[in-house]
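Coordinates as given in model_24.txt (compact mmCIF, C-alpha atoms):
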# COMPACT_ATOMS: atom_id res chain seq x y z
CA MET Z 236 -37.53 45.50 -12.64
CA ASP Z 237 -40.52 43.49 -13.82
CA ARG Z 238 -41.24 40.32 -11.79
CA ASP Z 239 -41.28 38.09 -14.89
CA ILE Z 240 -37.88 39.36 -16.01
CA ARG Z 241 -36.45 38.78 -12.53
CA LEU Z 242 -37.77 35.22 -12.52
CA LYS Z 243 -36.42 34.50 -16.00
CA ARG Z 244 -32.98 35.73 -14.96
CA LEU Z 245 -33.14 33.70 -11.76
CA ARG Z 246 -34.18 30.57 -13.63
CA PHE Z 247 -31.21 30.92 -15.97
CA ARG Z 248 -28.83 31.48 -13.04
CA ALA Z 249 -30.34 28.54 -11.14
CA TRP Z 250 -29.86 26.15 -14.07
CA HIS Z 251 -26.38 27.37 -15.11
CA ARG Z 252 -24.30 26.99 -11.96
CA GLY Z 253 -21.27 25.24 -13.41
CA THR Z 254 -21.73 21.64 -12.32
CA ARG Z 255 -24.47 19.18 -13.17
CA GLU Z 256 -25.12 18.48 -9.49
CA ALA Z 257 -25.57 22.15 -8.63
CA ASP Z 258 -27.71 22.70 -11.73
CA MET Z 259 -30.05 19.88 -10.73
CA LEU Z 260 -30.24 20.88 -7.08
CA ILE Z 261 -30.65 24.62 -7.51
CA GLY Z 262 -32.45 24.56 -10.86
CA GLY Z 263 -34.85 21.87 -9.67
CA PHE Z 264 -35.50 23.89 -6.53
CA PHE Z 265 -36.27 26.95 -8.63
CA ASP Z 266 -38.66 25.09 -10.93
CA ALA Z 267 -40.49 23.46 -8.02
CA HIS Z 268 -40.94 26.53 -5.84
CA SER Z 269 -40.60 29.80 -7.76
CA ALA Z 270 -44.27 30.12 -8.75
CA GLY Z 271 -45.26 30.75 -5.14
CA TRP Z 272 -42.51 33.20 -4.22
CA SER Z 273 -43.28 36.71 -3.02
CA ASP Z 274 -41.15 39.64 -4.14
CA ALA Z 275 -39.24 39.35 -0.84
CA ASP Z 276 -38.59 35.65 -1.56
CA ILE Z 277 -37.32 36.50 -5.04
CA THR Z 278 -34.93 39.05 -3.56
CA LEU Z 279 -33.72 36.49 -1.03
CA VAL Z 280 -33.12 33.89 -3.76
CA GLU Z 281 -31.30 36.48 -5.87
CA ASP Z 282 -28.98 36.99 -2.89
CA LEU Z 283 -28.71 33.24 -2.30
CA LEU Z 284 -27.57 32.63 -5.87
CA GLU Z 285 -24.64 34.99 -5.28
CA GLU Z 286 -23.29 32.41 -2.80
CA GLN Z 287 -20.88 29.64 -3.76
CA ASP Z 288 -22.45 26.42 -5.04
CA VAL Z 289 -20.61 24.31 -2.49
CA ASP Z 290 -22.11 26.41 0.30
CA ILE Z 291 -25.65 26.25 -1.09
CA MET Z 292 -25.35 22.50 -1.55
CA ALA Z 293 -24.00 22.06 1.98
CA TRP Z 294 -26.94 24.02 3.39
CA ALA Z 295 -29.34 21.92 1.34
CA ILE Z 296 -27.99 18.58 2.51
CA GLY Z 297 -27.46 19.78 6.07
CA THR Z 298 -23.69 19.49 6.34
CA ALA Z 299 -23.33 23.21 7.07
CA VAL Z 300 -25.47 25.76 8.86
CA PRO Z 301 -26.77 28.50 6.55
CA PRO Z 302 -26.32 32.17 7.44
CA GLU Z 303 -29.26 33.44 9.43
CA ARG Z 304 -30.59 35.52 6.53
CA TYR Z 305 -31.23 32.29 4.59
CA ALA Z 306 -32.32 30.10 7.50
CA GLY Z 307 -36.07 30.51 6.87
CA SER Z 308 -38.55 28.93 4.54
CA ILE Z 309 -36.27 29.12 1.48
CA VAL Z 310 -33.56 26.92 2.97
CA ALA Z 311 -36.19 24.67 4.57
CA ALA Z 312 -37.65 24.08 1.10
CA LEU Z 313 -34.15 23.64 -0.36
CA LYS Z 314 -33.41 20.98 2.29
CA ALA Z 315 -36.49 18.95 1.36
CA LEU Z 316 -34.72 17.70 -1.80
CA ASN Z 317 -38.01 16.28 -3.08
CA TYR Z 318 -37.59 18.18 -6.34
CA VAL Z 319 -34.46 16.37 -7.60
CA PRO Z 320 -35.35 13.43 -9.87
CA ILE Z 321 -33.39 10.30 -9.07
CA ALA Z 322 -32.81 7.79 -11.88
CA ARG Z 323 -33.31 4.20 -10.85

What would the structure in this file look like if it were written as structure tokens?
Amino acid sequence: MDRDIRLKRLRFRAWHRGTREADMLIGGFFDAHSAGWSDADITLVEDLLEEQDVDIMAWAIGTAVPPERYAGSIVAALKALNYVPIAR
């Protein structure tokens, strides 16, 4: 499948998770980091988005340990949380 099509599908899936919190966390992560992803990173994120939102959010905020297959740079970037705008 074409890289651009994969990214468009991923962006939709990242921003349509089911809750506003998950949309902001996962969608914001996608928007902030997807431009620099390799094909292997895209495949890993495709797999990651098959996981439950509560699990992804727990890995991002550090309340749960991610499975080893996700415990690399993707989850490290997800944990940074510097891509979620906070209203003040």

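In terms of minimum interatomic distance to Gly307 (chain Z), Z:Leu279 ranks closest within Z:Met259, Z:Met292, Z:Met236, Z:Leu279, counting only C-alpha atoms.
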
**Request:** Would you work out the distance separating CA of Arg246 (chain Z) from CA of Asp266 (chain Z), expressed in Å to one decimal?
**Result:** 7.6 Å

**Prompt:** With all atoms listed in the file as the basis for distance, which of Z:Leu284, Z:Leu260, Z:Ala275, Z:Ile240 is at the shortest distance from Ser308 (chain Z)?
**Reply:** Z:Ala275

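Nearest residue to Trp272 (chain Z) among Z:Ala295, Z:Ala315, Z:Leu242, Z:Val289 is Z:Leu242, counting all atoms listed in the file.
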
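Here CA of Ala257 (chain Z) stands at a distance of 6.4 Å from CA of Asp288 (chain Z).
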
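From CA of Ile309 (chain Z) back to CA of Gly271 (chain Z), the distance works out to 11.3 Å.
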
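Counting all atoms listed in the file, the residue from Z:Val300, Z:Lys314, Z:Gly253, Z:His268 that sits nearest to Gln287 (chain Z) is Z:Gly253.
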
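Contact shell of Val310 (chain Z) at 9 Å (all atoms listed in the file; same-chain neighbours under 6 positions omitted): Ile291, Trp294, Ala295 and Pro301 of chain Z.
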
**Asked** Within 12 Å of (-32.2, 35.3, -14.0), all atoms listed in the file: residues as a PyMOL selection string?
**Response** chain Z and resi 236-252+262+265+269+277-278+280-282+284-285

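If only C-alpha atoms are the atoms counted, then among Z:Glu303, Z:Glu286, Z:Gly297, Z:Ser273 the closest residue to Ile261 (chain Z) is Z:Glu286.
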